[in-house]
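Next up, input.txt (compact mmCIF, C-alpha atoms):
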```
# COMPACT_ATOMS: atom_id res chain seq x y z
CA MET A 59 -2.32 -27.94 40.11
CA GLU A 60 -6.04 -28.46 40.61
CA SER A 61 -8.19 -29.84 37.82
CA ILE A 62 -11.19 -27.94 36.54
CA ALA A 63 -14.77 -28.48 37.53
CA THR A 64 -17.02 -30.43 35.21
CA ASN A 65 -19.72 -27.75 35.06
CA ASN A 66 -20.15 -26.53 31.47
CA ASP A 67 -22.53 -23.67 32.31
CA LEU A 68 -20.52 -20.55 31.53
CA ARG A 69 -23.40 -18.05 31.62
CA VAL A 70 -22.55 -15.02 33.76
CA LYS A 71 -24.78 -13.31 36.30
CA VAL A 72 -24.91 -9.55 36.87
CA THR A 73 -23.69 -9.47 40.47
CA ASN A 74 -20.73 -7.73 42.08
CA ARG A 75 -19.41 -11.09 43.18
CA GLN A 76 -19.48 -12.46 39.62
CA ILE A 77 -17.91 -9.29 38.24
CA LEU A 78 -15.12 -9.32 40.83
CA SER A 79 -14.50 -13.03 40.29
CA ILE A 80 -13.69 -12.22 36.67
CA ALA A 81 -11.98 -8.85 37.15
CA LEU A 82 -9.66 -9.39 40.13
CA PRO A 83 -7.63 -12.25 38.61
CA ILE A 84 -7.35 -10.17 35.42
CA THR A 85 -6.16 -7.26 37.57
CA LEU A 86 -3.37 -9.34 39.03
CA ALA A 87 -2.51 -10.65 35.56
CA ILE A 88 -2.28 -7.11 34.15
CA PHE A 89 -0.41 -5.79 37.19
CA ILE A 90 2.45 -8.25 36.81
CA PRO A 91 3.56 -7.18 33.28
CA GLN A 92 3.14 -3.52 34.25
CA LEU A 93 5.40 -4.21 37.22
CA ASN A 94 7.69 -5.81 34.66
CA LEU A 95 7.77 -2.63 32.54
CA LEU A 96 8.29 -0.54 35.65
CA THR A 97 11.25 -2.72 36.62
CA ASN A 98 12.76 -2.24 33.16
CA SER A 99 12.48 1.52 33.55
CA ILE A 100 13.90 1.45 37.10
CA PHE A 101 16.97 -0.53 35.99
CA LEU A 102 17.45 1.68 32.92
CA GLY A 103 16.91 4.85 34.95
CA ARG A 104 19.63 3.84 37.37
CA TYR A 105 21.83 2.82 34.43
CA ASP A 106 21.50 6.06 32.40
CA LEU A 107 19.05 8.98 31.99
CA LYS A 108 19.40 8.77 28.21
CA ALA A 109 18.50 5.07 28.21
CA LEU A 110 15.43 5.81 30.34
CA GLY A 111 14.31 8.42 27.80
CA ASN A 112 14.94 6.16 24.80
CA ALA A 113 12.93 3.43 26.50
CA GLY A 114 9.89 5.70 26.16
CA ILE A 115 10.09 5.73 22.35
CA THR A 116 10.93 2.03 21.97
CA GLY A 117 8.36 1.06 24.58
CA VAL A 118 5.55 2.88 22.80
CA TYR A 119 6.65 1.49 19.42
CA TYR A 120 6.48 -2.09 20.70
CA LEU A 121 3.22 -1.23 22.45
CA ILE A 122 1.66 -0.56 19.03
CA PHE A 123 2.14 -4.21 18.08
CA ALA A 124 1.28 -5.41 21.58
CA VAL A 125 -2.09 -3.63 21.53
CA ALA A 126 -2.78 -5.03 18.06
CA GLY A 127 -2.56 -8.40 19.80
CA ASN A 128 -4.74 -7.01 22.56
CA GLY A 129 -7.33 -6.13 19.91
CA MET A 130 -7.22 -9.76 18.80
CA ASN A 131 -7.41 -10.80 22.45
CA ASN A 132 -10.57 -8.72 23.03
CA ALA A 133 -12.11 -10.00 19.81
CA MET A 134 -11.42 -13.57 20.87
CA GLN A 135 -12.99 -12.87 24.26
CA THR A 136 -16.07 -11.49 22.52
CA VAL A 137 -16.45 -14.52 20.24
CA PHE A 138 -15.64 -17.00 23.02
CA SER A 139 -18.09 -15.32 25.40
CA ARG A 140 -20.91 -15.17 22.87
CA TYR A 141 -20.64 -18.96 22.37
CA ALA A 142 -20.27 -19.48 26.14
CA GLY A 143 -23.44 -17.48 26.78
CA SER A 144 -25.33 -19.55 24.25
CA GLY A 145 -24.03 -22.77 25.81
CA ASP A 146 -22.01 -23.92 22.77
CA VAL A 147 -18.61 -24.61 24.34
CA ASN A 148 -17.75 -27.20 21.68
CA ALA A 149 -16.77 -24.32 19.39
CA PHE A 150 -13.93 -23.24 21.72
CA LYS A 151 -11.35 -25.55 20.12
CA VAL A 152 -12.07 -24.17 16.66
CA ILE A 153 -12.13 -20.52 17.81
CA LEU A 154 -8.76 -20.86 19.57
CA ALA A 155 -7.18 -22.58 16.57
CA GLN A 156 -8.29 -19.82 14.20
CA GLY A 157 -7.10 -17.14 16.62
CA ILE A 158 -3.65 -18.75 16.80
CA ARG A 159 -3.37 -18.91 13.00
CA ILE A 160 -4.34 -15.25 12.62
CA CYS A 161 -2.10 -13.92 15.40
CA LEU A 162 0.98 -15.75 14.06
CA GLN A 163 0.39 -14.12 10.68
CA MET A 164 0.13 -10.75 12.46
CA ALA A 165 3.41 -11.42 14.29
CA LEU A 166 5.21 -12.17 11.02
CA VAL A 167 3.99 -8.87 9.59
CA GLY A 168 5.19 -7.03 12.70
CA ILE A 169 8.68 -8.58 12.53
CA LEU A 170 9.10 -7.86 8.81
CA PHE A 171 7.83 -4.29 9.23
CA THR A 172 10.24 -3.59 12.10
CA TRP A 173 13.28 -4.98 10.29
CA PHE A 174 12.73 -3.61 6.79
CA ILE A 175 10.29 -0.67 6.86
CA ALA A 176 10.45 0.92 10.32
CA PRO A 177 14.12 2.02 9.90
CA PHE A 178 13.15 4.38 7.06
CA ILE A 179 10.27 5.85 9.08
CA LEU A 180 12.11 6.21 12.38
CA ARG A 181 15.22 7.66 10.75
CA ALA A 182 13.06 10.49 9.41
CA VAL A 183 11.32 11.36 12.69
CA ALA A 184 13.52 10.20 15.57
CA ASP A 185 16.33 12.14 17.19
CA VAL A 186 19.50 11.64 15.12
CA LYS A 187 21.60 10.77 18.16
CA ALA A 188 19.02 8.40 19.65
CA TYR A 189 17.99 6.60 16.44
CA PRO A 190 20.84 3.99 16.21
CA GLU A 191 20.30 2.73 19.77
CA GLU A 192 16.50 2.78 19.46
CA MET A 193 16.52 0.84 16.18
CA GLU A 194 19.01 -1.75 17.42
CA PHE A 195 16.85 -2.29 20.50
CA LEU A 196 13.66 -2.72 18.44
CA ARG A 197 15.22 -5.27 16.08
CA ILE A 198 15.86 -7.45 19.12
CA ARG A 199 12.66 -6.68 21.00
CA ILE A 200 10.29 -7.50 18.13
CA TRP A 201 11.21 -11.22 18.24
CA GLY A 202 9.09 -11.52 21.37
CA LEU A 203 5.94 -10.68 19.39
CA PRO A 204 4.83 -14.22 18.36
CA PHE A 205 5.24 -15.44 21.94
CA LEU A 206 3.29 -12.43 23.26
CA TYR A 207 0.43 -13.06 20.82
CA LEU A 208 0.22 -16.77 21.65
CA PHE A 209 0.29 -15.86 25.33
CA GLN A 210 -2.63 -13.46 24.76
CA MET A 211 -4.65 -16.11 22.90
CA GLY A 212 -4.33 -18.48 25.85
CA ASN A 213 -5.39 -15.72 28.22
CA ALA A 214 -8.43 -14.83 26.08
CA PHE A 215 -9.62 -18.42 26.41
CA LEU A 216 -9.03 -18.49 30.18
CA VAL A 217 -11.06 -15.30 30.71
CA ALA A 218 -13.97 -16.27 28.47
CA SER A 219 -14.18 -19.78 29.96
CA LEU A 220 -14.41 -18.17 33.44
CA ASN A 221 -11.00 -19.53 34.46
CA SER A 222 -9.34 -16.14 34.91
CA ARG A 223 -7.97 -17.30 38.28
CA TYR A 224 -5.25 -19.13 36.33
CA LEU A 225 -4.07 -15.99 34.50
CA MET A 226 -1.62 -14.88 37.15
CA ILE A 227 0.46 -18.08 36.92
CA GLY A 228 1.89 -17.28 33.49
CA PHE A 229 2.28 -13.58 34.24
CA VAL A 230 4.08 -14.15 37.54
CA CYS A 231 6.52 -16.65 36.03
CA GLU A 232 7.22 -14.40 33.05
CA SER A 233 7.76 -11.29 35.12
CA LEU A 234 10.00 -12.89 37.74
CA LEU A 235 12.25 -14.20 34.99
CA ASN A 236 12.26 -10.80 33.28
CA ILE A 237 13.27 -9.01 36.48
CA VAL A 238 16.17 -11.41 37.05
CA LEU A 239 17.32 -11.15 33.43
CA ASP A 240 17.05 -7.33 33.50
CA TYR A 241 19.29 -7.28 36.54
CA VAL A 242 21.99 -9.51 35.09
CA LEU A 243 21.91 -8.46 31.41
CA ILE A 244 21.64 -4.67 31.71
CA ASN A 245 24.43 -4.44 34.28
CA GLY A 246 26.44 -7.57 33.41
CA TYR A 247 26.21 -9.42 36.72
CA TRP A 248 26.80 -13.13 37.47
CA GLY A 249 29.23 -13.51 34.57
CA PHE A 250 26.76 -12.29 31.91
CA PRO A 251 27.84 -9.64 29.36
CA ARG A 252 26.99 -6.00 30.20
CA MET A 253 24.45 -5.31 27.45
CA GLY A 254 23.03 -2.02 28.76
CA PHE A 255 19.93 -0.81 26.89
CA ASN A 256 19.77 -3.93 24.68
CA GLY A 257 19.84 -6.14 27.75
CA ALA A 258 16.26 -5.08 28.52
CA ALA A 259 15.20 -6.20 25.02
CA VAL A 260 16.84 -9.62 25.31
CA ALA A 261 15.39 -10.13 28.79
CA SER A 262 11.86 -9.32 27.62
CA VAL A 263 12.00 -11.67 24.60
CA ILE A 264 13.20 -14.60 26.70
CA ALA A 265 10.59 -13.87 29.38
CA GLU A 266 7.73 -13.72 26.83
CA ALA A 267 8.76 -17.09 25.38
CA PHE A 268 8.82 -18.53 28.89
CA GLY A 269 5.39 -17.03 29.68
CA PHE A 270 3.88 -18.73 26.64
CA ALA A 271 5.39 -22.07 27.69
CA VAL A 272 3.83 -21.66 31.15
CA VAL A 273 0.37 -21.00 29.65
CA LEU A 274 0.64 -24.24 27.67
CA LEU A 275 1.55 -26.05 30.88
CA VAL A 276 -1.44 -24.48 32.69
CA LEU A 277 -3.85 -25.63 29.97
CA HIS A 278 -2.44 -29.13 30.24
CA ARG A 279 -2.22 -29.45 34.03
CA THR A 280 -5.70 -28.01 34.66
CA GLN A 281 -7.12 -30.44 32.07
CA LEU A 282 -8.69 -27.51 30.21
CA LYS A 283 -6.86 -28.66 27.11
CA LYS A 284 -8.41 -32.12 27.42
CA LYS A 285 -11.88 -30.92 28.42
CA TYR A 286 -12.28 -28.56 25.46
CA GLN A 287 -10.09 -30.62 23.09
CA LEU A 288 -7.82 -27.64 22.48
CA LEU A 289 -4.78 -27.49 20.18
CA GLN A 290 -5.60 -30.74 18.39
CA SER A 291 -6.23 -29.26 14.96
CA PHE A 292 -5.24 -25.98 13.32
CA GLY A 293 -7.12 -26.48 10.06
CA TYR A 294 -8.71 -23.45 8.45
CA ASN A 295 -12.37 -22.84 9.35
CA LYS A 296 -13.84 -20.20 7.07
CA ASN A 297 -16.90 -19.29 9.15
CA ILE A 298 -15.14 -18.98 12.51
CA SER A 299 -12.19 -17.13 10.97
CA LYS A 300 -14.56 -14.65 9.33
CA SER A 301 -16.34 -14.14 12.66
CA VAL A 302 -13.06 -13.50 14.51
CA ILE A 303 -11.70 -11.18 11.82
CA ALA A 304 -14.99 -9.26 11.56
CA VAL A 305 -14.81 -8.48 15.28
CA ALA A 306 -11.02 -8.14 15.46
CA ALA A 307 -10.21 -5.94 12.45
CA PRO A 308 -11.86 -2.75 13.75
CA LEU A 309 -10.45 -3.38 17.25
CA VAL A 310 -6.91 -3.93 15.98
CA ALA A 311 -7.18 -0.78 13.86
CA GLN A 312 -8.61 1.14 16.82
CA TYR A 313 -5.81 0.08 19.18
CA VAL A 314 -3.02 0.62 16.64
CA ILE A 315 -4.30 4.10 15.76
CA SER A 316 -4.57 4.96 19.45
CA VAL A 317 -1.02 3.98 20.41
CA THR A 318 0.50 5.29 17.15
CA THR A 319 -0.73 8.73 18.13
CA TRP A 320 0.91 8.22 21.52
CA LEU A 321 4.14 7.51 19.62
CA ILE A 322 3.66 10.81 17.76
CA PHE A 323 3.26 12.50 21.14
CA PHE A 324 6.55 10.99 22.34
CA PHE A 325 8.33 12.09 19.15
CA LEU A 326 7.08 15.65 19.73
CA ILE A 327 8.55 15.44 23.24
CA GLU A 328 11.83 14.09 21.84
CA ALA A 329 11.92 16.87 19.23
CA ARG A 330 12.20 19.42 22.03
CA GLY A 331 15.62 17.93 22.85
CA VAL A 332 15.13 17.82 26.63
CA ASP A 333 16.25 14.44 28.03
CA MET A 334 14.46 15.06 31.33
CA ASP A 335 11.10 15.56 29.57
CA LYS A 336 11.60 12.27 27.71
CA ALA A 337 12.49 10.47 30.93
CA ILE A 338 9.54 11.95 32.86
CA SER A 339 7.16 10.97 30.04
CA ASN A 340 8.45 7.42 30.12
CA VAL A 341 7.76 7.38 33.85
CA MET A 342 4.22 8.64 33.11
CA ARG A 343 3.78 5.74 30.72
CA ASN A 344 4.51 3.49 33.67
CA VAL A 345 2.02 5.44 35.79
CA PHE A 346 -0.69 4.74 33.22
CA GLY A 347 0.25 1.09 33.28
CA LEU A 348 0.27 0.74 37.07
CA ALA A 349 -2.71 2.91 37.97
CA GLY A 350 -4.61 1.55 35.00
CA VAL A 351 -4.45 -2.14 35.96
CA PHE A 352 -7.87 -2.06 37.56
CA VAL A 353 -9.33 -0.01 34.71
CA TRP A 354 -8.16 -2.41 32.01
CA ALA A 355 -9.25 -5.41 34.09
CA PHE A 356 -12.78 -4.05 34.54
CA ALA A 357 -12.84 -2.98 30.88
CA SER A 358 -12.01 -6.55 29.84
CA THR A 359 -14.70 -7.76 32.25
CA SER A 360 -17.21 -5.37 30.64
CA ASN A 361 -16.45 -6.91 27.25
CA VAL A 362 -16.86 -10.47 28.53
CA VAL A 363 -20.03 -9.83 30.57
CA VAL A 364 -21.82 -7.85 27.83
CA SER A 365 -20.97 -10.42 25.17
CA ASN A 366 -22.05 -13.28 27.46
CA LEU A 367 -25.37 -11.54 28.19
CA MET A 368 -25.91 -11.02 24.46
CA GLY A 369 -25.37 -14.75 23.96
CA GLN A 370 -27.95 -15.43 26.68
CA LYS A 371 -30.45 -13.08 24.96
CA LYS A 372 -30.54 -10.93 28.13
CA GLU A 373 -29.90 -7.58 26.48
CA GLU A 374 -32.04 -5.77 29.04
CA LYS A 375 -29.31 -6.41 31.65
CA VAL A 376 -26.43 -4.97 29.62
CA LEU A 377 -26.62 -1.36 30.84
CA LEU A 378 -27.11 -2.54 34.43
CA ALA A 379 -23.95 -4.63 34.14
CA ILE A 380 -21.93 -1.76 32.64
CA ASN A 381 -22.98 0.62 35.42
CA LYS A 382 -22.01 -1.90 38.11
CA ILE A 383 -18.62 -2.48 36.48
CA MET A 384 -18.06 1.28 36.02
CA LEU A 385 -18.59 2.02 39.72
CA LEU A 386 -16.15 -0.70 40.71
CA SER A 387 -13.63 0.61 38.17
CA ILE A 388 -13.84 4.17 39.53
CA GLY A 389 -13.49 2.96 43.11
CA PHE A 390 -10.38 0.84 42.55
CA CYS A 391 -8.72 3.40 40.25
CA SER A 392 -9.35 6.17 42.78
CA VAL A 393 -7.36 4.27 45.40
CA MET A 394 -4.37 3.95 43.04
CA VAL A 395 -4.58 7.62 42.04
CA LEU A 396 -4.84 8.70 45.68
CA LEU A 397 -1.71 6.77 46.63
CA LEU A 398 0.21 8.27 43.71
CA ASN A 399 -0.77 11.81 44.68
CA LEU A 400 -0.15 11.36 48.40
CA PHE A 401 3.30 9.83 47.91
CA PRO A 402 4.62 11.04 44.52
CA GLN A 403 8.18 11.43 45.81
CA VAL A 404 8.30 7.75 46.75
CA PHE A 405 7.36 6.74 43.22
CA PHE A 406 9.75 9.09 41.41
CA ASN A 407 12.65 8.25 43.73
CA LEU A 408 12.49 4.65 42.46
CA PHE A 409 14.26 5.78 39.31
CA GLY A 410 17.33 6.97 41.19
CA LYS A 411 17.25 10.57 39.97
CA ASP A 412 17.83 13.87 41.76
CA ASP A 413 15.34 16.25 43.38
CA ALA A 414 15.04 18.32 40.18
CA PHE A 415 13.67 15.26 38.36
CA VAL A 416 11.12 14.63 41.13
CA LYS A 417 10.08 18.29 41.25
CA ALA A 418 9.57 18.42 37.46
CA GLY A 419 7.65 15.15 37.42
CA ILE A 420 5.08 15.77 40.17
CA PRO A 421 2.91 18.34 38.26
CA VAL A 422 2.76 15.96 35.30
CA ALA A 423 1.68 13.14 37.62
CA ARG A 424 -1.19 15.29 38.92
CA VAL A 425 -2.51 15.84 35.40
CA VAL A 426 -2.07 12.19 34.43
CA SER A 427 -3.99 11.18 37.57
CA LEU A 428 -6.99 13.19 36.43
CA GLY A 429 -6.76 11.56 33.02
CA MET A 430 -6.76 8.15 34.71
CA LEU A 431 -10.07 8.92 36.45
CA PHE A 432 -11.67 9.84 33.13
CA MET A 433 -10.24 6.63 31.71
CA SER A 434 -11.75 4.55 34.52
CA VAL A 435 -15.22 5.55 33.30
CA ALA A 436 -14.76 5.83 29.54
CA ASN A 437 -12.96 2.51 29.06
CA ILE A 438 -15.79 0.54 30.65
CA TRP A 439 -18.36 2.02 28.27
CA LEU A 440 -16.07 1.61 25.27
CA ASN A 441 -15.54 -2.07 26.05
CA GLY A 442 -19.28 -2.39 26.55
CA VAL A 443 -19.57 -1.39 22.88
CA THR A 444 -16.97 -4.07 22.06
CA GLY A 445 -19.03 -6.69 23.90
CA THR A 446 -22.06 -5.98 21.69
CA GLY A 447 -19.96 -6.98 18.68
CA LYS A 448 -20.36 -3.54 17.06
CA THR A 449 -16.62 -3.06 16.78
CA THR A 450 -16.96 -0.84 13.71
CA VAL A 451 -18.55 1.68 16.07
CA ASN A 452 -15.46 1.31 18.31
CA LEU A 453 -13.30 2.28 15.36
CA VAL A 454 -15.43 5.33 14.53
CA ILE A 455 -15.32 6.46 18.17
CA GLU A 456 -11.54 6.00 18.19
CA ILE A 457 -11.02 8.00 14.98
CA VAL A 458 -13.05 10.95 16.28
CA ALA A 459 -11.35 10.89 19.71
CA ILE A 460 -7.87 10.57 18.20
CA SER A 461 -8.51 13.48 15.85
CA LEU A 462 -9.36 15.69 18.83
CA TYR A 463 -6.36 14.31 20.74
CA LEU A 464 -3.92 15.05 17.92
CA LEU A 465 -5.25 18.55 17.35
CA TYR A 466 -4.93 19.34 21.06
CA THR A 467 -1.46 17.74 21.20
CA PHE A 468 -0.06 19.74 18.27
CA ILE A 469 -1.46 22.94 19.71
CA PHE A 470 0.16 22.54 23.13
CA MET A 471 3.28 20.52 22.24
CA LYS A 472 4.39 22.04 18.94
CA TRP A 473 2.67 25.32 18.10
CA HIS A 474 2.06 26.86 21.56
CA PHE A 475 4.07 24.86 24.08
CA ILE A 476 3.28 25.87 27.66
CA SER A 477 4.54 22.98 29.78
CA LEU A 478 4.88 19.20 29.76
CA SER A 479 1.92 19.02 32.15
CA MET A 480 -0.26 20.88 29.66
CA GLY A 481 0.84 18.48 26.95
CA TRP A 482 -0.15 15.45 29.03
CA SER A 483 -3.62 16.94 29.62
CA ASN A 484 -4.43 15.61 26.13
CA GLU A 485 -5.40 12.35 27.90
CA ILE A 486 -8.36 14.14 29.52
CA ILE A 487 -9.61 15.33 26.11
CA TYR A 488 -9.20 11.84 24.67
CA TRP A 489 -11.03 9.89 27.37
CA LEU A 490 -13.80 12.47 27.79
CA SER A 491 -14.65 12.28 24.08
CA ILE A 492 -14.50 8.45 24.21
CA PHE A 493 -16.99 8.40 27.08
CA ILE A 494 -19.46 10.79 25.47
CA MET A 495 -19.65 8.80 22.23
CA ALA A 496 -19.69 5.30 23.78
CA PHE A 497 -22.30 6.33 26.36
CA ALA A 498 -24.54 7.89 23.69
CA PHE A 499 -24.33 4.79 21.46
CA LEU A 500 -25.17 2.30 24.20
CA LYS A 501 -27.98 4.47 25.56
CA SER A 502 -29.46 4.71 22.06
CA GLY A 503 -30.13 0.95 21.96
CA LYS A 504 -28.95 0.68 18.34
CA TRP A 505 -26.73 -2.26 19.33
CA LYS A 506 -29.68 -4.48 20.26
CA THR A 507 -30.63 -7.41 18.08
CA ARG A 508 -33.94 -7.12 16.31
```

Let's see the structure in the file written out as structure tokens.
Amino acid sequence: MESIATNNDLRVKVTNRQILSIALPITLAIFIPQLNLLTNSIFLGRYDLKALGNAGITGVYYLIFAVAGNGMNNAMQTVFSRYAGSGDVNAFKVILAQGIRICLQMALVGILFTWFIAPFILRAVADVKAYPEEMEFLRIRIWGLPFLYLFQMGNAFLVASLNSRYLMIGFVCESLLNIVLDYVLINGYWGFPRMGFNGAAVASVIAEAFGFAVVLLVLHRTQLKKKYQLLQSFGYNKNISKSVIAVAAPLVAQYVISVTTWLIFFFLIEARGVDMDKAISNVMRNVFGLAGVFVWAFASTSNVVVSNLMGQKKEEKVLLAINKIMLLSIGFCSVMVLLLNLFPQVFFNLFGKDDAFVKAGIPVARVVSLGMLFMSVANIWLNGVTGTGKTTVNLVIEIVAISLYLLYTFIFMKWHFISLSMGWSNEIIYWLSIFIMAFAFLKSGKWKTR
């Protein structure tokens, strides 16, 4: 593996080439775990329709804790990038150490919550027949959380230090192992026990632990660990910890609130008692993951570039950078959406179901595609707000958007149900409101330093 260059200048430039050099490796890194989730769903779909539907609930539940880590990840990118823009890379070792301490504490909370509190909550809201299997799955799956968080901390450093080209190594290794383990553990091949639904949980935990080990190896073999003196001390640093928590707390709350409402949406679908609707919605979750890889990559890039420019005291270039990133995001997302709408049967047939499943799923995919296009714009502006460090504004935007989302969802999923497609149109309401508020805030200039 190649060693890193000795150049310590990590200040970004607002060019398409610079933006793509950051975003495309992140895209590949995000694509691999989404392919991983898709593979889980494909194996479970071919195993049993009920398991495919239950995977929607358990997947969104685990996603709540995963995006809490993603909030920490974005906060770490913001803090890393601000120091990188100012030229102070010596602080990287302290920032990473504090991030690791905080995320391990978060993982412990997530494990304890899932084992001792979540059963009471899920028993009250989940389908009576599905609850035992869903809870058993989650009590296994949650043990991957500390490895996932540590994996995300390593990735936050790689992105902010402009070494995002190394991201794909850990993701590829993790996902290949997960696919193999899904195959053998769900179905019981090669002498392994036939674990069914729980096999996907065990496979994911082992793969996440392996992914974290690979990231450690990457930091060592590229000499990044030596260059920035990483992982040598984990002592508490009050100032850096306060900086990370100040940026992270609103982001973590924002992400958790966002996905928790998605869980509510899935429970409303489950309450209707139609296994096909649950299964189709789980497939749509995979659509968001696959078609959204470019969106989330460019959103992460928006965060890094804006924060770096703020560190350079080049605030006048922030809106220019966001517009450039937004156009690239729309372009790449449009290609994914176009492919999905031109060949929807190919995608749905992956799950091994009959023509009725495909026919019911296509209208939902059309609506979700439109939501993805709104997302490709709104997410860039929202992460631009994150990059300014005004993450409390992110939280306010999220609360307002979620309130509108929930109101719309209850109207068309509980009180006046029309169709599953109409229910999924709540994503359009959500992302449109996000865009309006984030755009207005950044255009106002209230984020600028005085």

Give me, please, the distance in Å between atom CA of A:Phe205 and atom CA of A:Gly269, quoted to one decimal.
->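 If I compute the distance from atom CA of A:Phe205 to atom CA of A:Gly269, I get 7.9 Å.
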
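Every protein or nucleic acid residue with an atom no more than 10 Å from A:Leu377, counting only C-alpha atoms and leaving out same-chain residues fewer than 4 positions away, appears here: A:Val364, A:Glu373, A:Asn381, A:Lys382, A:Ile383, A:Trp439, A:Gly442, A:Phe497, A:Leu500, A:Lys501, A:Gly503.
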
Write out as a PyMOL selection string the residues lying within 9 Å of A:Leu288, counting all atoms listed in the file and excluding same-chain residues fewer than 4 positions away.
-> chain A and resi 150-152+154-155+277+282-284

Polymer residues at most 9 Å from A:Val125, all atoms listed in the file, same-chain spacing of 6 or more positions, as a PyMOL selection string = chain A and resi 131+310+313-314+317

Distance of atom CA of A:Val443 from atom CA of A:Leu462, expressed in Å to one decimal place |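 Atom CA of A:Val443 lies at a distance of 20.3 Å from atom CA of A:Leu462.
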